[in-house]
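Scroll down for the structure; my scribbles are underneath it.
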Amino acid sequence: MLLDLITSHRVVFVGGKGGVGKTSIAAALALGRARAGARVLLVSTDPAHNLGHLWDRLVGDEPTRLAGPGDLAPGAGTAGYVDGLEIDPERTVEQHLSAVAGTMRRLLPERMHAPAARHLELARLAPGTHESAVLERIAEAVELGEEAYDLVVFDTAPSGHTLRLLALPEQLTSWTETLLANRDRSERFGAAVRGLGGGEHTDRDAELRRTLLRRRDRFSRLRGVVTDPAQAGFVLVLTAELLPIAETMEVYEKLTGLGVEVAALVANRRSPADAGEVLARRRRQEDQHLVRLRQQVDVPLLNVPLLPGDLVGTPALAALADLLGPSSFRVSG
């Protein structure tokens, strides 16, 4: 049923508290949609990457084929596939700062190059640098998805980090708008001082304006996609325990406050009720926690049973994907 809920989406974020199985659910969703014929890009934004371990192959900072038509049984014979990439935070920051440095060298007079370089070195460790750089890569992945894929699934970092990222597009768009307004005032003042203006200063101003406009438009488009329930949705993964439940309710409120649709909740690793008294008692306690969650959050809640063995490789992920289909999942709400 979860697969049915996301069929119309172009972008799906899978998030939740650390250790609840976000990566496994994200990978199974990607594989399930690929088995239905979709071209899927699976992206990890979590610095503690697990995609490579999960698929038992090397995954890097560029798209890598994780599963092709020959790996998609049952239902093989489709043209679907899964590509994966793990955003490398250090490489992302380095590329981001290198691009900024190149822009600064073009736009600033030579006497300002050394101070600008020192400023960038300080910025490397400044709060927000990492998040801004990763957000650029998320925007790039969404744009790549529009061009070459049917669905982009983001396996996100633990909740707090993801919420900061999702709040950034609006903040950075507003910040860039302020810069553009300041540039407009500066350009008008400069033109008045220089008469008709022209020459090198005008070229620099025009290029800086184009750079700011591109950045504003990229983040504005990302914000538009993320907050459009027809295009994007968020799947919150949890285990039916006290702390994950509490964090899920808090994250749900913050996501809805940001205008992000929560498409579904996934209660992962549910204890069996018929495997001894200890697990039966645990199951009853889990049920009580989920009742409390349902009183606060009115979206579909899907249960995934505790599975034996390690979830590694395409066959194991295919078994999990089978549980995400309409015949095996119970939906509450």
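Residues are referred to by chain and number: the chain letter is A, B, ... according to the order shown in the structure tokens, the number counts from 1 in that chain, and ligands are numbered separately from 1 in the order shown.
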
Legend entry - Close residues, A:Val235 itself excluded, 6 Å, only C-alpha atoms, min 6 positions apart in chain, as a PyMOL selection string: chain A and resi 14+263-265

Legend entry - Contact residues around A:Gly84 with only C-alpha atoms at 6 Å, ignoring same-chain residues under 2 positions, as a ChimeraX atom specification: /A:41-43,63-64

Inset, instruction - Excluding stretch 120-127 of chain A and any residue of its chain fewer than 4 positions from it, enumerate the residues within 9 Å of it, using only C-alpha atoms, and give them as an MDAnalysis selection string. - result: chainID A and resid 93:94 97 100:101 115:116 131

Legend entry - DSSP strand (DSSP E) selection over stretch 206-307 of chain A, as a list of chain:residue names: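 Written out, the strand (DSSP E) residues of stretch 206-307 of chain A are A:Ala232, A:Gly233, A:Phe234, A:Val235, A:Leu236, A:Val237, A:Leu238, A:Thr239, A:Val262, A:Ala263, A:Ala264, A:Leu265, A:Val266, A:Ala267, A:Asn268, A:Arg269, A:Arg270, A:Leu301, A:Leu302, A:Asn303, A:Val304, A:Pro305.
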
Inset, instruction - For A:Leu302, list every protein, DNA or RNA residue within 12 Å, evaluated using only C-alpha atoms, and leave out those in the same chain fewer than 2 positions away; present the list as number ranges by chain. - result: A: 1-3, 5, 25, 235-240, 263-270, 290, 294, 299-300, 304-305, 323-326, 328-333

Legend entry - Atom-to-atom span, atom CA of A:Arg281 and atom CA of A:Ala316, Å: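 So the two atoms, atom CA of A:Arg281 and atom CA of A:Ala316, lie 27.9 Å apart.
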
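With only C-alpha atoms as the atoms that count, the residue of A:Arg33, A:Lys22, A:His119, A:Arg283 with the shortest distance to A:His9 is A:Arg33.
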
Inset, instruction - Choose the residue, out of A:Gly18, A:Gly70, A:Pro229, A:Gly80, that has the smallest atom-to-atom separation from A:Gly37; count only C-alpha atoms. - result: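 Closest to A:Gly37 of all the choices is A:Gly80.
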
List as a compact mmCIF listing (two decimals) with N, CA, C and O atoms, in the first residue's frame the protein and nucleic acid residues near A:Ala230, meaning an atom at most 12 Å away when only C-alpha atoms are counted, but skip any in the same chain fewer than 6 places from it.
```txt
# COMPACT_ATOMS: atom_id res chain seq x y z
N LEU A 5 0.67 4.71 -2.36
CA LEU A 5 0.58 6.08 -1.85
C LEU A 5 1.55 7.03 -2.53
O LEU A 5 1.28 8.22 -2.62
N ILE A 6 2.67 6.51 -3.00
CA ILE A 6 3.68 7.39 -3.59
C ILE A 6 3.72 7.30 -5.11
O ILE A 6 4.59 7.90 -5.73
N THR A 7 2.80 6.57 -5.71
CA THR A 7 2.85 6.35 -7.16
C THR A 7 2.87 7.65 -7.95
O THR A 7 3.57 7.77 -8.96
N SER A 8 2.14 8.64 -7.51
CA SER A 8 2.03 9.89 -8.27
C SER A 8 3.16 10.87 -7.96
O SER A 8 3.29 11.90 -8.63
N HIS A 9 3.98 10.58 -6.96
CA HIS A 9 5.02 11.52 -6.55
C HIS A 9 6.25 11.41 -7.44
O HIS A 9 6.62 10.32 -7.91
N ARG A 10 6.92 12.54 -7.64
CA ARG A 10 8.21 12.57 -8.32
C ARG A 10 9.37 12.58 -7.34
O ARG A 10 10.50 12.23 -7.69
N VAL A 11 9.10 13.02 -6.11
CA VAL A 11 10.14 13.12 -5.07
C VAL A 11 9.56 12.59 -3.76
O VAL A 11 8.45 12.96 -3.38
N VAL A 12 10.31 11.70 -3.10
CA VAL A 12 9.89 11.16 -1.81
C VAL A 12 11.08 11.26 -0.85
O VAL A 12 12.19 10.81 -1.17
N GLY A 224 9.35 24.96 -4.21
CA GLY A 224 8.07 24.69 -4.85
C GLY A 224 7.78 23.21 -4.99
O GLY A 224 6.64 22.77 -4.77
N VAL A 260 5.29 20.83 4.12
CA VAL A 260 5.68 19.56 3.51
C VAL A 260 4.64 18.50 3.84
O VAL A 260 4.30 18.31 5.02
N GLU A 261 4.12 17.81 2.83
CA GLU A 261 3.12 16.77 3.06
C GLU A 261 3.78 15.52 3.64
O GLU A 261 4.78 15.03 3.11
N VAL A 262 3.22 15.02 4.74
CA VAL A 262 3.62 13.71 5.26
C VAL A 262 2.67 12.69 4.65
O VAL A 262 1.48 12.66 4.97
N ALA A 263 3.19 11.87 3.73
CA ALA A 263 2.34 10.94 2.99
C ALA A 263 1.96 9.74 3.82
O ALA A 263 0.87 9.18 3.66
```

Inset, instruction - Tell me, as a PyMOL selection string, which residues lie within 9 Å of stretch 47-50 of chain A, counting only C-alpha atoms; anything in the same chain fewer than 2 positions away does not count. - result: chain A and resi 23+44-45+52-55+86-89+157

Legend entry - Among the residues A:Leu242, A:Val142, A:Gln95, A:Ala319, the one that comes closest to A:Val225 [using only C-alpha atoms]: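 Ranking A:Leu242, A:Val142, A:Gln95, A:Ala319 by distance to A:Val225, first place goes to A:Val142.
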
Go through stretch 280-311 of chain A residue by residue and, counting only C-alpha atoms, keep those with an atom at most 10 Å from stretch 245-259 of chain A; for each kept residue give the shortest atom pair and its distance in Å to one decimal, ordered by chain and increasing number, as CSV.
```
residue,atom,partner,partner_atom,distance
A:Glu286,CA,A:Ile245,CA,9.9
A:His289,CA,A:Ile245,CA,7.1
A:Leu290,CA,A:Ile245,CA,7.7
A:Arg292,CA,A:Ile245,CA,8.6
A:Leu293,CA,A:Ile245,CA,6.6
A:Arg294,CA,A:Met249,CA,9.6
A:Gln296,CA,A:Met249,CA,7.1
A:Val297,CA,A:Met249,CA,7.0
```

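Rounded to one decimal, atom CA of A:Arg216 and atom CA of A:Thr92 lie 19.1 Å from each other.
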
Legend entry - Every residue of stretch 238-271 of chain A that DSSP places in helix (DSSP H, G or I), as a PyMOL selection string: chain A and resi 242-257

Output of the above residues as a short mmCIF file (atom, residue, chain, number, x, y, z; two decimals), in the first residue's frame, restricted to C-alpha atoms:
```
data_model
loop_
_atom_site.label_atom_id
_atom_site.label_comp_id
_atom_site.auth_asym_id
_atom_site.auth_seq_id
_atom_site.Cartn_x
_atom_site.Cartn_y
_atom_site.Cartn_z
CA LEU A 242 8.34 5.71 23.41
CA LEU A 243 11.17 7.98 22.17
CA PRO A 244 10.75 7.37 18.42
CA ILE A 245 7.00 7.97 18.79
CA ALA A 246 7.59 11.26 20.61
CA GLU A 247 10.12 12.42 18.02
CA THR A 248 7.82 11.40 15.16
CA MET A 249 4.99 13.56 16.50
CA GLU A 250 7.35 16.52 16.85
CA VAL A 251 8.78 16.06 13.35
CA TYR A 252 5.29 15.71 11.86
CA GLU A 253 4.28 19.07 13.35
CA LYS A 254 7.42 20.77 12.05
CA LEU A 255 7.09 19.28 8.56
CA THR A 256 3.48 20.38 8.23
CA GLY A 257 4.53 23.80 9.51
#
```
